[in-house]
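Asker: Provided herewith: final.cif, mmCIF, C-alpha atoms and all ligand atoms.
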```cif
data_data
loop_
_atom_site.label_atom_id
_atom_site.label_comp_id
_atom_site.auth_asym_id
_atom_site.auth_seq_id
_atom_site.Cartn_x
_atom_site.Cartn_y
_atom_site.Cartn_z
CA MET L 16 18.41 -22.16 17.14
CA GLU L 17 17.73 -25.26 15.08
CA GLY L 18 16.12 -25.52 11.69
CA LYS L 19 15.79 -23.40 8.62
CA LYS L 20 17.54 -20.05 8.40
CA LYS L 21 15.34 -16.96 8.17
CA GLN L 22 15.30 -15.72 4.58
CA ILE L 23 15.59 -11.94 4.44
CA ALA L 24 14.64 -9.51 1.68
CA ILE L 25 16.27 -6.09 2.07
CA LEU L 26 14.62 -3.25 0.20
CA GLY L 27 17.25 -0.54 0.01
CA SER L 28 20.32 -2.65 0.74
CA THR L 29 22.89 -0.03 -0.27
CA GLY L 30 21.66 2.64 2.15
CA SER L 31 22.67 3.19 5.76
CA ILE L 32 20.15 0.72 7.26
CA GLY L 33 20.65 -1.79 4.44
CA THR L 34 24.41 -2.00 4.82
CA GLN L 35 24.16 -2.29 8.61
CA ALA L 36 21.54 -5.03 8.21
CA LEU L 37 23.99 -6.95 6.05
CA ASP L 38 26.62 -6.58 8.80
CA VAL L 39 24.13 -8.07 11.26
CA ILE L 40 23.31 -10.91 8.86
CA SER L 41 26.96 -11.77 8.27
CA GLU L 42 27.61 -11.86 12.02
CA HIS L 43 24.72 -14.30 12.38
CA SER L 44 25.03 -16.29 9.16
CA ASN L 45 23.93 -19.38 11.10
CA LEU L 46 20.48 -17.76 11.52
CA PHE L 47 19.89 -15.52 8.52
CA GLU L 48 20.25 -15.76 4.77
CA VAL L 49 19.78 -13.07 2.15
CA GLU L 50 17.09 -13.92 -0.36
CA VAL L 51 16.57 -10.54 -2.06
CA LEU L 52 18.54 -7.28 -2.30
CA THR L 53 17.30 -4.11 -3.95
CA ALA L 54 18.90 -0.74 -4.65
CA ASN L 55 17.87 2.49 -6.32
CA ASN L 56 21.02 3.58 -8.12
CA ASN L 57 24.11 2.26 -6.45
CA SER L 58 24.81 -0.61 -8.86
CA LYS L 59 28.44 -0.99 -7.80
CA LEU L 60 27.65 -1.67 -4.16
CA LEU L 61 24.62 -3.81 -5.05
CA ILE L 62 26.87 -6.04 -7.20
CA GLU L 63 29.45 -6.26 -4.41
CA GLN L 64 26.77 -7.22 -1.88
CA ALA L 65 25.27 -9.82 -4.21
CA ILE L 66 28.67 -11.45 -4.81
CA LYS L 67 29.20 -11.69 -1.06
CA PHE L 68 25.70 -12.73 0.08
CA LYS L 69 24.52 -14.71 -2.98
CA PRO L 70 20.85 -13.74 -2.91
CA ASN L 71 18.36 -15.48 -5.15
CA THR L 72 17.25 -12.17 -6.70
CA VAL L 73 18.36 -8.55 -6.92
CA VAL L 74 16.47 -5.53 -8.23
CA ILE L 75 18.00 -2.29 -9.41
CA ALA L 76 15.30 0.37 -9.57
CA ASN L 77 17.14 2.50 -12.13
CA GLU L 78 16.51 0.59 -15.38
CA GLU L 79 19.51 2.15 -17.09
CA LYS L 80 21.75 0.12 -14.80
CA TYR L 81 20.13 -3.23 -15.53
CA LYS L 82 22.76 -4.37 -18.02
CA GLU L 83 25.69 -3.53 -15.76
CA VAL L 84 24.16 -5.46 -12.85
CA ASN L 85 23.00 -8.40 -14.93
CA ASP L 86 26.38 -8.73 -16.71
CA ALA L 87 28.09 -8.94 -13.32
CA LEU L 88 25.68 -11.36 -11.65
CA PHE L 89 24.04 -13.69 -14.18
CA LYS L 90 27.01 -16.07 -14.21
CA LEU L 91 26.58 -16.48 -10.44
CA GLY L 92 22.99 -17.58 -10.95
CA VAL L 93 21.54 -14.43 -9.34
CA LYS L 94 18.29 -13.32 -10.99
CA VAL L 95 18.40 -9.63 -11.89
CA PHE L 96 15.39 -7.38 -12.45
CA ALA L 97 15.01 -3.63 -12.92
CA GLY L 98 12.38 -0.96 -12.42
CA GLN L 99 9.77 0.10 -9.91
CA GLN L 100 7.32 -2.66 -10.83
CA SER L 101 9.92 -5.38 -10.13
CA LEU L 102 10.72 -3.75 -6.80
CA GLU L 103 7.08 -4.16 -5.80
CA GLU L 104 6.75 -7.72 -7.11
CA VAL L 105 9.95 -9.12 -5.68
CA VAL L 106 8.68 -9.02 -2.08
CA GLU L 107 6.16 -11.73 -2.88
CA GLY L 108 8.84 -14.41 -3.45
CA GLU L 109 7.69 -17.57 -1.68
CA ASN L 110 11.00 -18.21 0.14
CA ILE L 111 11.03 -14.80 1.86
CA ASP L 112 10.31 -14.82 5.61
CA VAL L 113 11.08 -11.20 6.56
CA VAL L 114 11.03 -8.05 4.42
CA LEU L 115 13.24 -5.28 5.79
CA THR L 116 11.89 -2.05 4.32
CA ALA L 117 14.77 0.41 4.28
CA LEU L 118 13.64 2.53 1.35
CA VAL L 119 13.60 6.29 1.74
CA GLY L 120 10.32 8.17 1.96
CA TYR L 121 7.05 7.59 0.14
CA SER L 122 8.68 5.04 -2.20
CA GLY L 123 8.36 2.45 0.57
CA LEU L 124 4.56 2.46 0.59
CA LYS L 125 3.65 0.21 -2.34
CA PRO L 126 6.31 -2.49 -1.82
CA THR L 127 5.30 -2.66 1.88
CA ILE L 128 1.64 -3.13 0.95
CA ARG L 129 2.59 -5.93 -1.46
CA ALA L 130 4.71 -7.61 1.23
CA ILE L 131 1.88 -7.45 3.77
CA LYS L 132 -0.59 -8.91 1.27
CA ALA L 133 1.92 -11.72 0.65
CA LYS L 134 1.89 -12.30 4.46
CA LYS L 135 5.58 -11.51 5.01
CA THR L 136 6.79 -10.34 8.39
CA ILE L 137 7.83 -6.69 8.10
CA ALA L 138 10.93 -5.21 9.70
CA LEU L 139 10.02 -1.57 9.26
CA ALA L 140 12.76 1.01 8.83
CA ASN L 141 10.75 3.12 6.39
CA LYS L 142 8.68 5.22 8.82
CA GLU L 143 7.12 7.29 6.02
CA THR L 144 4.98 4.29 5.04
CA LEU L 145 3.12 4.52 8.37
CA VAL L 146 3.06 8.32 8.28
CA VAL L 147 1.44 8.39 4.85
CA ALA L 148 -1.06 5.56 5.24
CA GLY L 149 -0.96 4.24 8.79
CA ASP L 150 -4.68 3.40 8.93
CA LEU L 151 -4.51 1.40 5.73
CA ILE L 152 -1.31 -0.41 6.69
CA THR L 153 -2.48 -1.39 10.19
CA LYS L 154 -5.79 -2.63 8.76
CA LEU L 155 -3.99 -4.71 6.12
CA CYS L 156 -1.67 -6.18 8.76
CA TYR L 157 -4.65 -7.15 10.89
CA GLU L 158 -6.49 -8.75 7.96
CA ASN L 159 -3.43 -10.70 6.86
CA GLY L 160 -2.17 -11.67 10.31
CA VAL L 161 1.10 -9.85 9.60
CA LYS L 162 3.43 -8.48 12.28
CA ILE L 163 5.46 -5.28 11.94
CA TYR L 164 8.69 -5.18 13.94
CA PRO L 165 9.98 -1.62 14.19
CA VAL L 166 13.58 -0.89 13.25
CA ASP L 167 13.45 2.81 14.12
CA SER L 168 15.47 2.96 17.35
CA GLU L 169 12.81 4.77 19.42
CA HIS L 170 10.05 2.43 18.33
CA SER L 171 12.24 -0.60 18.84
CA ALA L 172 12.82 0.69 22.37
CA ILE L 173 9.08 0.97 23.03
CA PHE L 174 8.47 -2.41 21.44
CA GLN L 175 11.13 -3.93 23.74
CA CYS L 176 9.54 -2.27 26.79
CA LEU L 177 6.19 -3.83 25.85
CA VAL L 178 7.44 -7.42 25.76
CA GLY L 179 5.56 -9.27 28.50
CA GLU L 180 3.01 -6.45 28.93
CA THR L 181 0.29 -7.74 26.59
CA TYR L 182 -2.58 -6.99 28.96
CA ASN L 183 -1.19 -3.81 30.52
CA PRO L 184 -2.39 -0.62 28.83
CA ILE L 185 0.08 2.14 28.03
CA GLU L 186 -0.54 5.40 29.91
CA LYS L 187 1.93 7.34 27.79
CA ILE L 188 5.18 6.97 25.91
CA TYR L 189 8.27 9.16 25.92
CA LEU L 190 9.92 9.38 22.52
CA THR L 191 13.44 10.68 23.01
CA ALA L 192 15.03 13.09 20.55
CA SER L 193 18.69 14.07 20.40
CA GLY L 194 17.67 17.59 19.40
CA GLY L 195 19.97 17.40 16.38
CA PRO L 196 22.89 19.71 15.55
CA PHE L 197 20.87 22.93 16.15
CA LYS L 198 19.55 22.22 19.63
CA GLY L 199 19.41 25.44 21.65
CA LYS L 200 19.46 27.67 18.58
CA LEU L 201 16.76 30.28 17.95
CA ARG L 202 15.00 31.05 14.67
CA ALA L 203 17.31 33.99 13.97
CA ASP L 204 20.33 31.66 14.24
CA LEU L 205 18.89 29.24 11.69
CA THR L 206 18.06 31.57 8.79
CA ASN L 207 21.35 31.02 7.01
CA ILE L 208 22.16 27.49 8.07
CA THR L 209 23.88 25.53 5.27
CA LYS L 210 23.30 21.92 4.31
CA THR L 211 26.83 21.03 5.43
CA GLN L 212 25.95 22.21 8.96
CA ALA L 213 22.60 20.42 8.86
CA LEU L 214 24.17 17.17 7.68
CA LYS L 215 26.38 16.90 10.80
CA HIS L 216 24.34 14.88 13.29
CA PRO L 217 25.87 14.73 16.78
CA ASN L 218 25.08 11.06 17.58
CA TRP L 219 23.79 9.06 14.63
CA GLU L 220 25.32 8.28 11.24
CA MET L 221 22.42 8.18 8.78
CA GLY L 222 21.35 8.93 5.21
CA ALA L 223 20.96 12.55 4.02
CA LYS L 224 17.14 12.75 4.12
CA ILE L 225 16.77 11.52 7.70
CA THR L 226 19.73 13.64 8.84
CA ILE L 227 18.04 16.82 7.59
CA ASP L 228 14.77 15.61 9.15
CA SER L 229 16.62 15.18 12.44
CA ALA L 230 18.06 18.70 12.27
CA SER L 231 14.59 20.17 11.64
CA LEU L 232 12.86 17.85 14.17
CA MET L 233 10.63 16.61 11.34
CA ASN L 234 12.11 13.18 11.99
CA LYS L 235 10.62 13.28 15.49
CA GLY L 236 7.34 14.50 14.07
CA LEU L 237 7.23 11.57 11.65
CA GLU L 238 8.12 9.26 14.56
CA VAL L 239 5.22 10.58 16.66
CA ILE L 240 2.85 9.57 13.86
CA GLU L 241 4.68 6.27 13.38
CA ALA L 242 4.25 5.54 17.12
CA LYS L 243 0.53 6.34 16.99
CA TRP L 244 0.00 3.57 14.44
CA LEU L 245 2.47 1.01 15.76
CA PHE L 246 1.21 1.18 19.34
CA ASN L 247 -2.37 2.38 18.81
CA LEU L 248 -1.97 5.64 20.77
CA LYS L 249 -3.72 8.99 20.96
CA ALA L 250 -1.86 12.25 20.42
CA GLU L 251 -1.95 13.14 24.12
CA GLN L 252 -0.25 9.85 25.02
CA ILE L 253 2.84 10.63 22.91
CA ASN L 254 5.42 12.88 24.54
CA VAL L 255 8.68 14.02 23.01
CA VAL L 256 11.63 14.59 25.34
CA VAL L 257 14.93 16.00 24.16
CA HIS L 258 17.76 13.80 25.44
CA PRO L 259 20.99 14.94 23.79
CA GLN L 260 23.08 11.87 24.71
CA SER L 261 20.77 9.43 22.84
CA ILE L 262 21.29 6.69 25.45
CA ILE L 263 17.67 6.22 26.48
CA HIS L 264 16.10 5.29 23.16
CA SER L 265 12.53 5.79 24.45
CA ALA L 266 10.30 4.79 27.37
CA VAL L 267 6.82 3.55 28.23
CA GLN L 268 4.81 4.65 31.27
CA PHE L 269 2.17 2.18 32.42
CA GLU L 270 -1.04 2.86 34.35
CA ASP L 271 0.64 2.20 37.71
CA GLY L 272 3.08 5.03 36.97
CA SER L 273 6.00 2.69 36.41
CA ILE L 274 8.28 3.64 33.51
CA LYS L 275 10.28 1.13 31.47
CA ALA L 276 13.01 2.44 29.21
CA GLN L 277 15.47 0.83 26.84
CA LEU L 278 19.06 2.03 26.92
CA GLY L 279 22.24 1.51 24.96
CA VAL L 280 24.91 3.34 22.98
CA PRO L 281 23.47 4.76 19.74
CA ASP L 282 23.96 2.01 17.16
CA MET L 283 21.28 1.13 14.61
CA LYS L 284 22.58 -2.41 14.38
CA LEU L 285 20.89 -3.24 17.70
CA PRO L 286 17.31 -2.40 16.64
CA ILE L 287 17.96 -4.02 13.25
CA GLN L 288 19.17 -7.19 14.95
CA TYR L 289 16.25 -7.19 17.39
CA ALA L 290 13.72 -6.88 14.55
CA LEU L 291 15.34 -9.67 12.52
CA GLY L 292 15.95 -11.97 15.47
CA PHE L 293 12.76 -11.35 17.48
CA PRO L 294 11.89 -12.79 19.96
CA GLU L 295 15.49 -13.82 20.57
CA ARG L 296 18.24 -11.54 21.83
CA LEU L 297 21.29 -12.53 19.84
CA LYS L 298 24.73 -12.34 21.39
CA ASN L 299 26.96 -9.75 19.73
CA THR L 300 30.09 -7.67 20.20
CA PHE L 301 28.49 -4.21 19.89
CA LYS L 302 29.85 -1.52 22.18
CA ARG L 303 28.31 -1.61 25.69
CA PHE L 304 27.04 1.42 27.58
CA SER L 305 28.76 2.36 30.84
CA PHE L 306 26.81 4.25 33.53
CA ILE L 307 30.07 5.19 35.20
CA ASP L 308 31.70 6.66 32.07
CA SER L 309 28.53 8.58 31.09
CA PRO L 310 26.87 9.61 34.33
CA ASN L 311 25.15 12.70 32.96
CA LEU L 312 21.97 11.89 31.12
CA THR L 313 19.97 15.08 30.60
CA PHE L 314 16.46 15.91 29.46
CA GLU L 315 14.68 19.01 28.22
CA LYS L 316 11.54 20.19 26.46
CA PRO L 317 11.53 20.40 22.65
CA ASP L 318 11.43 23.96 21.30
CA LEU L 319 8.30 23.89 19.13
CA GLU L 320 8.58 27.54 18.16
CA THR L 321 12.02 27.25 16.61
CA PHE L 322 11.44 23.78 15.25
CA ARG L 323 7.97 24.20 13.78
CA ASN L 324 8.00 20.88 11.96
CA LEU L 325 7.33 18.92 15.13
CA GLN L 326 4.23 21.02 15.83
CA LEU L 327 3.11 20.65 12.20
CA ALA L 328 3.38 16.87 12.54
CA TYR L 329 1.23 16.90 15.71
CA ASN L 330 -1.31 19.06 13.86
CA ALA L 331 -1.32 16.68 10.90
CA MET L 332 -1.79 13.68 13.17
CA GLU L 333 -4.70 15.29 15.00
CA LYS L 334 -6.40 16.36 11.79
CA GLY L 335 -5.89 12.86 10.33
CA GLY L 336 -7.22 11.76 6.95
CA ASN L 337 -4.75 12.59 4.19
CA THR L 338 -3.05 15.40 6.17
CA PRO L 339 -0.02 13.34 7.32
CA CYS L 340 0.40 12.26 3.67
CA ILE L 341 0.46 15.96 2.67
CA LEU L 342 2.95 16.73 5.44
CA ASN L 343 5.22 13.92 4.28
CA ALA L 344 5.11 14.74 0.57
CA ALA L 345 5.71 18.46 1.18
CA ASN L 346 8.58 17.60 3.51
CA GLU L 347 10.23 15.34 0.92
CA ILE L 348 10.15 18.18 -1.62
CA ALA L 349 11.34 20.68 1.00
CA VAL L 350 14.30 18.52 2.06
CA ALA L 351 15.32 17.85 -1.55
CA ALA L 352 15.15 21.60 -2.26
CA PHE L 353 17.18 22.42 0.86
CA LEU L 354 19.83 19.86 -0.17
CA LYS L 355 20.05 21.62 -3.56
CA ASP L 356 20.42 25.05 -1.84
CA LYS L 357 17.08 26.15 -3.32
CA ILE L 358 15.45 27.11 0.00
CA GLY L 359 16.60 28.05 3.46
CA PHE L 360 16.35 25.85 6.53
CA LEU L 361 13.35 27.68 8.03
CA ASN L 362 11.54 27.88 4.67
CA MET L 363 11.02 24.13 4.82
CA SER L 364 8.35 24.56 7.52
CA ASP L 365 6.66 27.38 5.57
CA LEU L 366 6.38 25.18 2.51
CA ILE L 367 4.93 22.28 4.49
CA ALA L 368 2.41 24.48 6.34
CA ASN L 369 1.35 26.03 3.04
CA CYS L 370 0.70 22.66 1.43
CA MET L 371 -1.25 21.48 4.48
CA GLU L 372 -3.52 24.50 4.08
CA LYS L 373 -4.03 24.30 0.33
CA ILE L 374 -4.39 20.62 -0.56
CA THR L 375 -7.97 19.30 -0.35
CA PHE L 376 -8.72 17.39 2.83
CA VAL L 377 -9.92 13.79 2.51
CA SER L 378 -11.21 12.31 5.75
CA ASN L 379 -11.18 8.57 4.93
CA PRO L 380 -8.64 8.14 2.15
CA THR L 381 -8.28 5.00 0.04
CA LEU L 382 -4.91 3.96 -1.38
CA GLU L 383 -5.84 5.79 -4.59
CA ASP L 384 -6.56 8.94 -2.55
CA TYR L 385 -3.14 8.70 -0.90
CA VAL L 386 -1.45 8.25 -4.26
CA ALA L 387 -3.33 11.29 -5.61
CA THR L 388 -2.62 13.41 -2.50
CA ASN L 389 1.07 12.56 -2.70
CA LYS L 390 1.21 13.55 -6.37
CA GLU L 391 -0.80 16.78 -5.96
CA THR L 392 1.25 17.87 -2.97
CA ARG L 393 4.52 17.37 -4.81
CA ILE L 394 3.27 19.40 -7.76
CA LEU L 395 2.04 22.20 -5.50
CA ALA L 396 5.21 22.19 -3.37
CA ASN L 397 7.37 22.47 -6.49
CA GLU L 398 5.24 25.39 -7.73
CA LEU L 399 5.47 27.15 -4.36
CA LEU L 400 9.27 26.86 -4.42
MN MN L 501 14.48 7.20 15.07
#
```
Would you give me this structure, written as structure tokens?
Ligand code: MN
Answerer:
Amino acid sequence: MEGKKKQIAILGSTGSIGTQALDVISEHSNLFEVEVLTANNNSKLLIEQAIKFKPNTVVIANEEKYKEVNDALFKLGVKVFAGQQSLEEVVEGENIDVVLTALVGYSGLKPTIRAIKAKKTIALANKETLVVAGDLITKLCYENGVKIYPVDSEHSAIFQCLVGETYNPIEKIYLTASGGPFKGKLRADLTNITKTQALKHPNWEMGAKITIDSASLMNKGLEVIEAKWLFNLKAEQINVVVHPQSIIHSAVQFEDGSIKAQLGVPDMKLPIQYALGFPERLKNTFKRFSFIDSPNLTFEKPDLETFRNLQLAYNAMEKGGNTPCILNAANEIAVAAFLKDKIGFLNMSDLIANCMEKITFVSNPTLEDYVATNKETRILANELL
């Protein structure tokens, strides 16, 4: 490819997606350049990354770490900012072509909105943004002519299946789920599950929040809602299939009954690379899948009775309005509490269901409504703990 390198801003560069995105960028340094890096707390790694990739600007969200980061980077000519406000403003930088949103949870919402308003292409790893405010985000994208390229592996798979199918409606999609570490277990088996057990995902190496979400199937629930907004689907068009080997990353069924799927060994670097490089497929050395070495791909139904979170997410999606925002906020509090040994694994669903019942329903929420719902739900969830 000739011409100017794509300038990338990575929000959340020290997390699992962020570090893998930097691996992709360094393997394709002829195509990509880092313009902005941001981190929450991990100042050490942020400094290391900035020394290696020489971004124009870095932001450390934790203001107490500003001095440490600035002392290390100012002599290299890297601009250093701190705080939540800077994190939101930095995405507007005029040199930025693509903003990779790899923040965790609700915190991704406001920076993503700013990036869309600044007409930046979005590589979306932060699914919660679409869960919380999918209607608002898709509307903003439409108004600003902005494209969202999904980084979530299932959604990247669907996106890849849709290339060349502009005028062919989707009949349904199959979102695949590994089933997580507790696949096949019953409710009675899960009462005393510890966080150490829940943090061991069979196929994917990920951050703590998404790993717990995967164990509880909430991750799949959030992905169902994410898919609704990305691909403009109705609830009945979105099917979840448990596929423990995580080789088929998802599939699309068209109106002639033909199914297209995208396959590969589980490696987040592929969807990251596809989102950054789209529409090109960039040559790489990632591990290749072998049909002969892995002949047994299996499929089963998700167990919605044991893993209530997936059903709760479908309910939230069908009810609409601010309900998915409530689901997400309650889940963030539930996961944090589970990680601190404050509640049991199954209590997470109780807490979420409780909040969905008690928080006031808003049918057509504005951004302010979403902000208020998020805040109220967190307060209520903390009280209910
Ligand atoms: Mn996923």
Asker: Can you tell me which residues surround stretch 235-246 of chain L at a distance of at most 6 Å, considering only C-alpha atoms, apart from same-chain residues fewer than 6 positions away, and format the answer as an mmCIF file with C-alpha atoms, in the coordinates of the input?
Answerer:
```cif
data_model
loop_
_atom_site.group_PDB
_atom_site.id
_atom_site.type_symbol
_atom_site.label_atom_id
_atom_site.label_comp_id
_atom_site.auth_asym_id
_atom_site.auth_seq_id
_atom_site.Cartn_x
_atom_site.Cartn_y
_atom_site.Cartn_z
ATOM 1 C CA LEU L 145 3.120 4.520 8.370
ATOM 2 C CA VAL L 146 3.060 8.320 8.280
ATOM 3 C CA GLY L 149 -0.960 4.240 8.790
ATOM 4 C CA LEU L 325 7.330 18.920 15.130
ATOM 5 C CA ALA L 328 3.380 16.870 12.540
#
```
Asker: How far is it from atom CA of L:Asn247 to atom CA of L:Pro259, in Å with one decimal?
Answerer: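 These atoms are spaced 27.0 Å apart.
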Asker: Compare L:Leu26, L:Ala54, L:Ala290, L:Leu366 by their minimum atom-to-atom distance to L:Gln175, counting all atoms listed in the file, and give me the closest one.
Answerer: L:Ala290
Asker: Determine, counting only C-alpha atoms, which protein, DNA and RNA residues have an atom within 9 Å of an atom of stretch 211-223 of chain L; residues of the same chain fewer than 6 positions away are not included. Present the result as an MDAnalysis selection string.
Answerer: chainID L and resid 30:32 119 193 195:197 229:231 259:261 281:283 354 360
Asker: Can you pull out every residue with an atom within 6 Å of ligand MN 501 (chain L)? Use all atoms listed in the file and format it as an NGL selection string.
Answerer: :L and (167-169)
Asker: Neighbouring residues of stretch 154-166 of chain L were defined as those with any atom within 6 Å, considering only C-alpha atoms; residues of the same chain fewer than 3 positions away were excluded. Please report them as a list in words.
Answerer: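 Counting only C-alpha atoms, the residues come to Lys134, Thr136, Ile137, Ala138, Leu139, Ala140, Leu151, His170, Ser171, Pro286, Ile287 and Ala290 of chain L.
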Asker: Smallest atom-to-atom distance to L:Leu118: which of L:Asp356, L:Glu104, L:Glu42, L:Glu143, using all atoms listed in the file?
Answerer: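 Using all atoms listed in the file, the shortest distance to L:Leu118 belongs to L:Glu143.
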Asker: Write out as a PyMOL selection string each polymer residue whose atoms come within 8 Å of L:Lys80, counting all atoms listed in the file; drop sequence neighbours fewer than 4 positions from it.
Answerer: chain L and resi 56+58+75+84+97
Asker: May I have the residues from that selection written out with C-alpha atoms, as an mmCIF file, in the frame of the given file?
Answerer:
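Saved the output as selection.cif:
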```cif
data_model
loop_
_atom_site.group_PDB
_atom_site.id
_atom_site.type_symbol
_atom_site.label_atom_id
_atom_site.label_comp_id
_atom_site.auth_asym_id
_atom_site.auth_seq_id
_atom_site.Cartn_x
_atom_site.Cartn_y
_atom_site.Cartn_z
ATOM 1 C CA ASN L 56 21.020 3.580 -8.120
ATOM 2 C CA SER L 58 24.810 -0.610 -8.860
ATOM 3 C CA ILE L 75 18.000 -2.290 -9.410
ATOM 4 C CA VAL L 84 24.160 -5.460 -12.850
ATOM 5 C CA ALA L 97 15.010 -3.630 -12.920
#
```
Asker: Restricting the calculation to only C-alpha atoms, which member of L:Asn254, L:Thr381, L:Asn71, L:Asn311 is positioned closest to L:Val147?
Answerer: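 Under the stated criterion, the closest residue is L:Thr381.
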Asker: Could you please determine the separation between atom CA of L:Asp308 and atom CA of L:His258 in Å, to one decimal place?
Answerer: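 Result for atom CA of L:Asp308 versus atom CA of L:His258: 17.0 Å, one decimal.
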Asker: Rank nothing, just name the residue among L:Val377, L:Met332, L:Leu190, L:Ala396 nearest to L:Ala345, using all atoms listed in the file.
Answerer: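 Comparing L:Val377, L:Met332, L:Leu190, L:Ala396 against L:Ala345, the winner is L:Ala396.
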Asker: Which is closer to L:Ile185 than all the others in L:Lys224, L:Ala148, L:Ile253, L:Ile128, using all atoms listed in the file?
Answerer: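 So, comparing all the options, the nearest one is L:Ile253.
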Asker: Can you take stretch 306-312 of chain L from the block and write all heavy atoms as an mmCIF file, in the first residue's frame?
Answerer:
```cif
data_model
loop_
_atom_site.group_PDB
_atom_site.id
_atom_site.type_symbol
_atom_site.label_atom_id
_atom_site.label_comp_id
_atom_site.auth_asym_id
_atom_site.auth_seq_id
_atom_site.Cartn_x
_atom_site.Cartn_y
_atom_site.Cartn_z
ATOM 1 N N PHE L 306 -7.676 -28.541 9.586
ATOM 2 C CA PHE L 306 -8.865 -29.401 9.656
ATOM 3 C C PHE L 306 -8.478 -30.822 10.069
ATOM 4 O O PHE L 306 -9.214 -31.497 10.776
ATOM 5 C CB PHE L 306 -9.568 -29.449 8.297
ATOM 6 C CG PHE L 306 -10.348 -28.199 7.982
ATOM 7 C CD1 PHE L 306 -9.794 -27.196 7.199
ATOM 8 C CD2 PHE L 306 -11.632 -28.035 8.470
ATOM 9 C CE1 PHE L 306 -10.516 -26.049 6.912
ATOM 10 C CE2 PHE L 306 -12.363 -26.886 8.193
ATOM 11 C CZ PHE L 306 -11.798 -25.881 7.413
ATOM 12 N N ILE L 307 -7.331 -31.257 9.602
ATOM 13 C CA ILE L 307 -6.912 -32.637 9.850
ATOM 14 C C ILE L 307 -6.532 -32.840 11.318
ATOM 15 O O ILE L 307 -6.888 -33.845 11.932
ATOM 16 C CB ILE L 307 -5.721 -32.998 8.927
ATOM 17 C CG1 ILE L 307 -6.072 -32.719 7.461
ATOM 18 C CG2 ILE L 307 -5.297 -34.455 9.127
ATOM 19 C CD1 ILE L 307 -7.338 -33.410 6.957
ATOM 20 N N ASP L 308 -5.828 -31.854 11.905
ATOM 21 C CA ASP L 308 -5.429 -31.991 13.312
ATOM 22 C C ASP L 308 -6.593 -31.773 14.273
ATOM 23 O O ASP L 308 -6.553 -32.234 15.413
ATOM 24 C CB ASP L 308 -4.307 -30.997 13.654
ATOM 25 C CG ASP L 308 -3.038 -31.282 12.857
ATOM 26 O OD1 ASP L 308 -2.935 -32.403 12.311
ATOM 27 O OD2 ASP L 308 -2.176 -30.385 12.770
ATOM 28 N N SER L 309 -7.613 -31.031 13.858
ATOM 29 C CA SER L 309 -8.774 -30.779 14.734
ATOM 30 C C SER L 309 -10.064 -31.138 14.011
ATOM 31 O O SER L 309 -10.848 -30.267 13.645
ATOM 32 C CB SER L 309 -8.839 -29.304 15.133
ATOM 33 O OG SER L 309 -7.612 -28.852 15.605
ATOM 34 N N PRO L 310 -10.293 -32.425 13.794
ATOM 35 C CA PRO L 310 -11.461 -32.806 12.982
ATOM 36 C C PRO L 310 -12.785 -32.699 13.729
ATOM 37 O O PRO L 310 -13.834 -32.721 13.099
ATOM 38 C CB PRO L 310 -11.164 -34.262 12.613
ATOM 39 C CG PRO L 310 -10.295 -34.767 13.714
ATOM 40 C CD PRO L 310 -9.522 -33.600 14.235
ATOM 41 N N ASN L 311 -12.750 -32.573 15.040
ATOM 42 C CA ASN L 311 -14.015 -32.638 15.787
ATOM 43 C C ASN L 311 -14.486 -31.270 16.241
ATOM 44 O O ASN L 311 -14.154 -30.807 17.330
ATOM 45 C CB ASN L 311 -13.872 -33.562 16.994
ATOM 46 C CG ASN L 311 -13.587 -34.981 16.557
ATOM 47 O OD1 ASN L 311 -14.265 -35.511 15.670
ATOM 48 N ND2 ASN L 311 -12.570 -35.580 17.132
ATOM 49 N N LEU L 312 -15.282 -30.637 15.416
ATOM 50 C CA LEU L 312 -15.908 -29.386 15.822
ATOM 51 C C LEU L 312 -17.311 -29.735 16.285
ATOM 52 O O LEU L 312 -18.064 -30.377 15.562
ATOM 53 C CB LEU L 312 -15.951 -28.401 14.648
ATOM 54 C CG LEU L 312 -14.603 -28.015 14.051
ATOM 55 C CD1 LEU L 312 -14.785 -26.945 12.972
ATOM 56 C CD2 LEU L 312 -13.622 -27.532 15.107
#
```
